[in-house]
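Report on the following structure.
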There are 2 protein chains.
Amino acid sequence: MLRQVLRYMRNAMFIQKHIFLLIISLFSILGFILYQSNNPKCESWPVGMSAKSIEESLSKDKLNELKQQWLNELKTSQILSVPDEPPQTDSQVPVSAIQCLINDEKMVQCLKSSKSEIYMPFDFIQNYFDVYGKMKHYDGYDRFEFQQSNAKDVYNPKTPYTYSGVFMTFETSNVEARDRVKCISGITGVPLSTQWHIEGYYYGIQIAQFGMSHYSKHMTQKPPTKQVYENAEESVQPQWAFSNKNCLVEIKKDFERNSQVIKFTTPDSIPLGSGVSLVLGNTMEFILSFDLKMVANGSLSVVLETNDKMKQYTIHYITNSLVIDYDLKSNIYYGIGPSRTWRHMARDLLTDLKKGIGISTTRHAKKVKVVIQKVSRLIVRGRGYIDNVTLSTSEHLTQFFDASQWMYLNQDKETGGWKNYVERKLEGFETIPSGWISAMGQGQGMSVLSRAYHVFHDPKYIVALSRALQPFTKSSEQGGVRATFLKTYTWYEEYPTKPSSFVLNGFMYSLIGLYDFKSLLEHEFGFGSNGEPPKVSLQIDSVNLPATYKLVNQLYHNGMTSLTAMLPLYDGGSHTFYDLRHFMLHTSPNVARWGYHVTHLSQLVLLYSVSREPVLKKFINNWSGYLKGKVAKHN
Amino acid sequence: MLRQVLRYMRNAMFIQKHIFLLIISLFSILGFILYQSNNPKCESWPVGMSAKSIEESLSKDKLNELKQQWLNELKTSQILSVPDEPPQTDSQVPVSAIQCLINDEKMVQCLKSSKSEIYMPFDFIQNYFDVYGKMKHYDGYDRFEFQQSNAKDVYNPKTPYTYSGVFMTFETSNVEARDRVKCISGITGVPLSTQWHIEGYYYGIQIAQFGMSHYSKHMTQKPPTKQVYENAEESVQPQWAFSNKNCLVEIKKDFERNSQVIKFTTPDSIPLGSGVSLVLGNTMEFILSFDLKMVANGSLSVVLETNDKMKQYTIHYITNSLVIDYDLKSNIYYGIGPSRTWRHMARDLLTDLKKGIGISTTRHAKKVKVVIQKVSRLIVRGRGYIDNVTLSTSEHLTQFFDASQWMYLNQDKETGGWKNYVERKLEGFETIPSGWISAMGQGQGMSVLSRAYHVFHDPKYIVALSRALQPFTKSSEQGGVRATFLKTYTWYEEYPTKPSSFVLNGFMYSLIGLYDFKSLLEHEFGFGSNGEPPKVSLQIDSVNLPATYKLVNQLYHNGMTSLTAMLPLYDGGSHTFYDLRHFMLHTSPNVARWGYHVTHLSQLVLLYSVSREPVLKKFINNWSGYLKGKVAKHN
């Protein structure tokens, strides 16, 4: 075509004669050429009839030049067409589907790049290797984030561990939120477990962990904000309202408490939720605390406004022994027992609300997503005294006290054990009958009571701590918690199974409990350090402190010797083992899920920080690597 | 532009008057339109100055139509560009590059499909998870094949295991080809190892495995094809040629052998490789065997034609104590010792050639790829007798005999051990000084000698077998192989380390050896079965057979008890452990590579087949799963 045009142009006469047609022709030819040379989207040389005609009409050189230009421009355009990504050199690599045969067993669809690189779908990788991945969205770009484990952070304390401080990472635990917590008892203020029995029972370990999580939160969180609604130090507040003429509220001096208190009286006949009410109207602070002394049956009800479709709920705390109930409408009930003495109560209203709505006939409380918008008012009914009605953002020390008190009161005086009144079935082992003692329970109880003594300085806690050592001196068969690994190493059993099960995390919790009590005796009674004599009386009630110190010291050190020696048996090379049931029962190892693996690590970090035992350090390093896919070497 | 053209066409007078120009114009316009409508490569609407001019000159509808057409054609072209695959529905799914962050540590380029599926590159997966993958090409299509392990087949016998049959999967082993085999000694006919010492030393385990691989091949392979070149039963063959007038070959009656043999005599002065030669010209059978009795120093040389650049090599077997040498040209030397008695020799000429060319100053023989094309001729020099000159495809029983003979001759008479005269260093353990005994060596030796007795019926093998039990009765500290795991379980140590190392595969080889000897006594001497009295004399030389049977039985059963009990300690949940050094030294577990994992499995299959111990069956199932990525469950 070009040649034709040029030939035409050489004919000058034609130009003059047929100027109009010429302009049209030139226009169309020029337009075509310009268009082609600027078109950045053409991938390869056009084929087909029309392409041939173009080839014939354009010079070879020009064609090749154009082709090269288009190819380059196509590449550029494809790089730029990657959506929302930072430009990648590889992003334009065309891929094709390819079948991938997995272990001669099944097919997976993969991709193959033009450089023959194989790409496997993450769906397959995730299931096959049990790993994790998530698309994350950042400002302006997305990123896929792969993780070997779904684990939480390992304990990494800023200050040295002490028996009087934060317990491991428990400041991040929310024991009451666990679905195997039925509710927080209105009578004891501690959780009731449904872990191994639907009815709900007091599980010492859970209660100790509840106590320790609140203690640790108390140590780490900012002080709560508080609103005191009634402390009876002035005249009766105008907020009190009466649903009945026979209701009465008055300020009285209470000699037991040496304080003014509110006396309330309502007729016996008025319904639940009626009586004397105090407007609270608090939209921020949802922990209700008060001092209460009932002199007749009655109740304390709290009206809550929520974001739920039901909108308004009332929680009734009643002087009976009910655990928890819910009328499936707007009323939730908790028994607070028939006590006729003063007591300080703290109720986490959101927890009480959620456990009420989520009430379940299975072992797991239902997950409830409800938010309190306002604590509207409090209503008391019956006859009694109330003081210091307060709403606050937390009341950790009260919750810790309740746990400590439970531990103190529920220790079996004869054995020193916190007995678990629930059958325990572990696969492959004989069923453990109700009433068993757990070394972990003993240890966690000791960690709670060591802190309780540190805070409240009540010698009864030393008595309980001392008693708590007894099960460590008896074998599982004798009702204790002691086991021996192949005639050599002493172990403290989380579960007193037949045969022994050697659960690692329970053992380490028991060592931490022993360490706590040991350090308490060292720091607060002067034992241990350089043979100096103890600073205080060597006898607390029936407790011989030197003998107790000697025993706890020995139990701790024997346990640490076993831990150091046996730790390698829990090392799977890429995971840890939860216990040694594989050795005891000749089964597959019971691999610890990542949550337990992190617990193992946190416990080792703690025990290393107080023992400086180099073997522990080595295993902390190796086992931390497993969280990032760094496995033991093969030969 | 179109409108201009149409307007122009309406003017009929113009058409007649300016026909030439019109044709040119139409041509160029038509060409342009046709080209565009047929161009399948354009991805999106062209941009830039010339595009604008085209937009202005073409109708919007036409433009959109064209654009749509091009986009469709581009898609089609991309689908069709998938190379060599069966068409896949997903193959045209466009992918984009996406960054993938691995364990918060590093970035990997991944792909994201339009359905937001993530694909990870196999390169990464392979390294991260230590797995295997290969592109395989089948008729008409390719497939990617993913494997958890690179393992060989596990022992899976068609007939029950017996002490007189194939040993595990050893019929597939080629011991002499291992790069840590320096060569097959010309003096003993067994391999010299360089595994832990560069000089080369006799390593009992390697020799036993050499013997057992040839025994197992003898049991499973077709009988060899053979060419007998000289058996001296007729007159001297015409093939013998003389390089010197003073050379002599004659047939003699040998009374010791009760057979006619060839007597050869050459002058002492003639060079190596000269003498009396016999043309062989064999292109198929490369195992040379003969009976030889030298009466003065001399040599036997074999000339080989190969595919190597050197083409012709000569291997010289010389009556000295040289191990192996190579002149880096065409001559390889092996000493055959100064023996002056009749002996039967079998030489694998290809092995001798390769070990010669591959001679190395490191622990590893060089890999040599050479093929023998013809065994040209044999030359004897010096004075002596030769008989039964044969080339065959195999001579396994001779090789097995040589190994058995070595085991018999090299057993330490005092301890009953096959002592290893090499220092052994295992990381983390004390160095084991030269002269140590291995339970694996004892076991493998017993497996050889049990078969040797079965085939050759020489009572000396029973004597050696009986002696071989002694080290099992002594601890490693006492120079034996016995260890005890935590005061409880008896173990037989592959390496008598301090502390004990509890290598699993070596232990199981020792159990198989004990089983072999035990079954030999049961099957060939009538012990054990239903208390029946032994069928033969109870005394062989100094051996008290009943006491020996009692001991081997006890050693085997004690070992099996330990194996059953301790097997779980080797279970990593996704791999097995090679030993228990992690427990003994408080280190990371020494994960067994897949080769050893398969050995563990094969040994368990064998021991289960003869013991029917259900625990072994359970572990065979679990551990087989690991080869396919089926790991132990987590809690």
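FYI, nothing fancy with the structure tokens labels: chains A, B, ... in order, residues from 1 per chain, ligands from 1 as they appear.
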
Compile the contact shell of Thr220 in chain B as a PyMOL selection string: residues with an atom at most 10 Å away, counting only C-alpha atoms, same-chain residues fewer than 3 positions apart removed.
chain B and resi 165-166+171-172+214-217+223

Output N, CA and C atoms for every residue in that selection, as a PDB file, in the first residue's frame.
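This went into again.pdb:
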ATOM      1  N   GLY B 165      16.291 -67.968  54.105  1.00  0.00           N
ATOM      2  CA  GLY B 165      15.810 -67.345  52.877  1.00  0.00           C
ATOM      3  C   GLY B 165      16.371 -65.960  52.659  1.00  0.00           C
ATOM      4  N   VAL B 166      15.696 -65.237  51.802  1.00  0.00           N
ATOM      5  CA  VAL B 166      16.064 -63.857  51.475  1.00  0.00           C
ATOM      6  C   VAL B 166      16.094 -63.040  52.764  1.00  0.00           C
ATOM      7  N   GLU B 171      17.862 -58.298  48.445  1.00  0.00           N
ATOM      8  CA  GLU B 171      18.090 -58.689  47.041  1.00  0.00           C
ATOM      9  C   GLU B 171      18.146 -57.465  46.133  1.00  0.00           C
ATOM     10  N   THR B 172      17.703 -56.313  46.637  1.00  0.00           N
ATOM     11  CA  THR B 172      17.782 -55.087  45.836  1.00  0.00           C
ATOM     12  C   THR B 172      19.004 -54.248  46.204  1.00  0.00           C
ATOM     13  N   HIS B 214      24.225 -60.822  48.294  1.00  0.00           N
ATOM     14  CA  HIS B 214      24.480 -61.856  47.278  1.00  0.00           C
ATOM     15  C   HIS B 214      23.689 -63.125  47.561  1.00  0.00           C
ATOM     16  N   TYR B 215      23.523 -63.444  48.854  1.00  0.00           N
ATOM     17  CA  TYR B 215      22.699 -64.604  49.193  1.00  0.00           C
ATOM     18  C   TYR B 215      21.261 -64.389  48.717  1.00  0.00           C
ATOM     19  N   SER B 216      20.748 -63.177  48.989  1.00  0.00           N
ATOM     20  CA  SER B 216      19.356 -62.883  48.632  1.00  0.00           C
ATOM     21  C   SER B 216      19.177 -62.840  47.125  1.00  0.00           C
ATOM     22  N   LYS B 217      20.193 -62.348  46.417  1.00  0.00           N
ATOM     23  CA  LYS B 217      20.129 -62.351  44.955  1.00  0.00           C
ATOM     24  C   LYS B 217      20.185 -63.786  44.424  1.00  0.00           C
ATOM     25  N   PRO B 223      19.041 -68.331  37.399  1.00  0.00           N
ATOM     26  CA  PRO B 223      20.424 -68.828  37.354  1.00  0.00           C
ATOM     27  C   PRO B 223      21.209 -68.060  36.288  1.00  0.00           C
TER      28      PRO B 223
END

What is the Cα root-mean-square deviation, to one decimal place in Å, for chain A superposed on chain B with all Cα atoms matched in order?
2.3 Å

Write out as a ChimeraX atom specification all residues of range 289-391 of chain B that backbone DSSP assigns to helix (DSSP H, G or I).
/B:349-357

Keeping only all heavy atoms, write the selected residues to a file as a compact mmCIF listing (two decimals), in the first residue's frame.
# COMPACT_ATOMS: atom_id res chain seq x y z
N LEU B 349 34.09 -57.98 37.29
CA LEU B 349 35.05 -57.15 36.54
C LEU B 349 34.58 -55.71 36.44
O LEU B 349 35.40 -54.78 36.49
CB LEU B 349 35.27 -57.75 35.15
CG LEU B 349 35.91 -59.15 35.15
CD1 LEU B 349 35.95 -59.72 33.73
CD2 LEU B 349 37.32 -59.12 35.75
N LEU B 350 33.28 -55.49 36.33
CA LEU B 350 32.78 -54.11 36.23
C LEU B 350 33.02 -53.36 37.54
O LEU B 350 33.47 -52.20 37.53
CB LEU B 350 31.29 -54.11 35.87
CG LEU B 350 30.69 -52.72 35.63
CD1 LEU B 350 31.42 -51.97 34.51
CD2 LEU B 350 29.19 -52.82 35.32
N THR B 351 32.76 -54.02 38.67
CA THR B 351 33.04 -53.39 39.97
C THR B 351 34.53 -53.11 40.09
O THR B 351 34.93 -52.01 40.50
CB THR B 351 32.56 -54.31 41.12
OG1 THR B 351 31.15 -54.45 41.02
CG2 THR B 351 32.91 -53.71 42.47
N ASP B 352 35.37 -54.09 39.75
CA ASP B 352 36.81 -53.90 39.86
C ASP B 352 37.27 -52.75 38.97
O ASP B 352 38.14 -51.96 39.37
CB ASP B 352 37.55 -55.20 39.49
CG ASP B 352 37.45 -56.24 40.61
OD1 ASP B 352 36.95 -55.88 41.70
OD2 ASP B 352 37.86 -57.40 40.39
N LEU B 353 36.69 -52.64 37.78
CA LEU B 353 37.04 -51.57 36.85
C LEU B 353 36.62 -50.22 37.43
O LEU B 353 37.41 -49.27 37.49
CB LEU B 353 36.33 -51.82 35.51
CG LEU B 353 36.47 -50.72 34.45
CD1 LEU B 353 37.92 -50.61 33.98
CD2 LEU B 353 35.54 -50.99 33.27
N LYS B 354 35.37 -50.14 37.90
CA LYS B 354 34.86 -48.86 38.40
C LYS B 354 35.59 -48.40 39.65
O LYS B 354 35.90 -47.21 39.80
CB LYS B 354 33.36 -49.00 38.73
CG LYS B 354 32.46 -48.99 37.50
CD LYS B 354 31.01 -49.01 37.94
CE LYS B 354 30.06 -48.79 36.76
NZ LYS B 354 28.66 -48.80 37.21
N LYS B 355 35.84 -49.30 40.58
CA LYS B 355 36.54 -48.92 41.80
C LYS B 355 37.97 -48.47 41.48
O LYS B 355 38.52 -47.61 42.17
CB LYS B 355 36.57 -50.08 42.81
CG LYS B 355 35.20 -50.50 43.31
CD LYS B 355 34.53 -49.44 44.19
CE LYS B 355 33.14 -49.90 44.64
NZ LYS B 355 32.45 -48.85 45.42
N GLY B 356 38.54 -49.08 40.42
CA GLY B 356 39.88 -48.68 40.00
C GLY B 356 39.89 -47.28 39.43
O GLY B 356 40.64 -46.41 39.88
N ILE B 357 39.05 -47.05 38.47
CA ILE B 357 39.00 -45.72 37.84
C ILE B 357 38.56 -44.68 38.87
O ILE B 357 39.03 -43.54 38.86
CB ILE B 357 38.03 -45.71 36.64
CG1 ILE B 357 38.45 -46.76 35.60
CG2 ILE B 357 37.99 -44.33 35.99
CD1 ILE B 357 37.44 -46.93 34.46

Could you pull the residues within 10 Å of Trp436 in chain A, counting only C-alpha atoms, minus those fewer than 3 positions along the same chain, as a list in words?
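In the requested format, the answer is Gly417, Trp418, Lys419, Asn420, Tyr421, Val422, Glu423, Arg424, Ile432, Pro433, Ser476, Gly479, Gly480, Val481, Tyr495, Pro496 and Thr497 of chain A.
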
From range 330-419 of chain B, collect each residue whose DSSP state is strand (DSSP E or B) and return the set as number ranges by chain.
B: 331-335, 343-348, 372-381, 383-392, 419

With distances taken over only C-alpha atoms, which of B:Tyr317, B:Phe583, B:Ile437, B:Gly595 is nearest to Ser562 in chain A?
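Smallest separation from Ser562 in chain A among the options: B:Phe583.
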
Applying 8 Å and only C-alpha atoms, which residues near Asn635 in chain A remain after dropping the ones on its own chain fewer than 4 positions away? List them as number ranges by chain.
B: 578, 590-593

Could you pull the residues within 6 Å of range 145-150 of chain A, counting only C-alpha atoms, minus those fewer than 3 positions along the same chain, as a list of chain:residue names?
A:Val131, A:Tyr132, A:Gly133, A:Lys134, A:Leu627, A:Lys628, A:Gly629, B:Cys100, B:Leu101, B:Ile102, B:Asn103

Emit the selected residues as an mmCIF file, in the first residue's frame, including N, CA and C atoms.
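Saved as out-v5.cif:
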data_model
loop_
_atom_site.group_PDB
_atom_site.id
_atom_site.type_symbol
_atom_site.label_atom_id
_atom_site.label_comp_id
_atom_site.auth_asym_id
_atom_site.auth_seq_id
_atom_site.Cartn_x
_atom_site.Cartn_y
_atom_site.Cartn_z
ATOM 1 N N VAL A 131 -1.727 -26.148 58.593
ATOM 2 C CA VAL A 131 -1.166 -24.810 58.793
ATOM 3 C C VAL A 131 -2.277 -23.779 58.593
ATOM 4 N N TYR A 132 -1.923 -22.537 58.728
ATOM 5 C CA TYR A 132 -2.929 -21.475 58.747
ATOM 6 C C TYR A 132 -2.578 -20.374 57.749
ATOM 7 N N GLY A 133 -3.603 -19.699 57.258
ATOM 8 C CA GLY A 133 -3.343 -18.591 56.348
ATOM 9 C C GLY A 133 -4.561 -17.697 56.264
ATOM 10 N N LYS A 134 -4.305 -16.423 56.016
ATOM 11 C CA LYS A 134 -5.400 -15.456 55.998
ATOM 12 C C LYS A 134 -5.039 -14.323 55.042
ATOM 13 N N LEU A 627 6.932 -23.311 66.345
ATOM 14 C CA LEU A 627 5.833 -22.391 66.036
ATOM 15 C C LEU A 627 6.029 -21.732 64.678
ATOM 16 N N LYS A 628 7.279 -21.725 64.209
ATOM 17 C CA LYS A 628 7.592 -21.095 62.926
ATOM 18 C C LYS A 628 8.001 -22.143 61.886
ATOM 19 N N GLY A 629 7.689 -23.391 62.173
ATOM 20 C CA GLY A 629 7.984 -24.443 61.204
ATOM 21 C C GLY A 629 9.430 -24.912 61.190
ATOM 22 N N CYS B 100 3.095 -13.151 49.873
ATOM 23 C CA CYS B 100 2.700 -13.994 50.988
ATOM 24 C C CYS B 100 3.763 -13.892 52.062
ATOM 25 N N LEU B 101 3.348 -13.517 53.248
ATOM 26 C CA LEU B 101 4.270 -13.358 54.382
ATOM 27 C C LEU B 101 4.271 -14.663 55.167
ATOM 28 N N ILE B 102 5.461 -15.248 55.315
ATOM 29 C CA ILE B 102 5.576 -16.557 55.959
ATOM 30 C C ILE B 102 5.988 -16.376 57.415
ATOM 31 N N ASN B 103 5.138 -16.782 58.316
ATOM 32 C CA ASN B 103 5.448 -16.739 59.751
ATOM 33 C C ASN B 103 6.023 -15.399 60.199
#

Residue contacts of range 517-529 of chain A (9 Å, only C-alpha atoms) excluding same-chain residues fewer than 5 positions away, as number ranges by chain:
A: 162-164, 446-447, 449-451, 453-454, 462, 465-466, 512, 534-538, 545-546, 549, 552-553, 556

Just the residues within 7 Å of Trp240 in chain B, please, counting only C-alpha atoms, with nothing from its chain fewer than 4 positions along; format it as a PyMOL selection string.
chain B and resi 276-279

Could you please take those selected residues and save C-alpha atoms as a PDB file, in the first residue's frame?
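Okay, this is what ended up in again.pdb:
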ATOM      1  CA  VAL B 276      50.125 -66.867  28.541  1.00  0.00           C
ATOM      2  CA  SER B 277      46.886 -65.515  27.248  1.00  0.00           C
ATOM      3  CA  LEU B 278      43.471 -66.951  26.611  1.00  0.00           C
ATOM      4  CA  VAL B 279      41.078 -65.185  24.256  1.00  0.00           C
TER       5      VAL B 279
END
